[in-house]
Amino acid sequence: MDKGDCFSCGRKIQKTLTSTCIYCGEPLPESQLFSEEEIKQIQKEKNARDMARAKHNDSNRADFSPYSSPESPCDFDLSW
């Protein structure tokens with residue numbers, strides 16, 4: 001999915017769903033835009049990364065709350 005470099009600023013065109021260069025904001029020519037199939041693939045890859053990140057974050061989440069276990073009773077009233 002290499003789309004080359006931006007004709008305006010010369011930087012590499014990134015995997016983005018916009019029709020402008022993310023660096024200089026200039027519109028990209030039609031030949032450098034991603035096709036519908038490429039856009040679907042980019043979205044699929046992004047969704048897979050997001051799901052993996054969410055799963056990783058959930059598995060690493062620790063509960064440091066002092067109220068989360070019966071071994072650590074609460075000494076003050078939390079019913080406001």
# chains A, B, ... in the order shown; residues from 1 in each chain; ligands from 1
call {"tool": "residues_around", "arguments": {"residues": "Phe34 of chain A", "least_positions_apart": "6", "cutoff": "12 Å", "atoms": "only C-alpha atoms", "output": "list in words"}}
result
Met1, Asp2, Lys3, Gly4, Ile13, Gln14, Lys15, Thr16, Leu17, Thr18, Ser19, Thr20, Leu28, Lys40, Gln41, Ile42 and Gln43 of chain A
call {"tool": "residues_around", "arguments": {"residues": "Glu26 of chain A", "least_positions_apart": "2", "cutoff": "10 Å", "atoms": "only C-alpha atoms", "output": "list in words"}}
result
Cys6, Phe7, Ser8, Cys9, Ser19, Thr20, Cys21, Ile22, Tyr23, Cys24, Leu28 and Pro29 of chain A
call {"tool": "atom_distance", "arguments": {"atom1": "atom CA of Ser31 of chain A", "atom2": "atom CA of Asn47 of chain A"}}
result
25.8 Å
call {"tool": "atom_distance", "arguments": {"atom1": "atom CA of Leu33 of chain A", "atom2": "atom CA of Gly10 of chain A"}}
result
15.6 Å
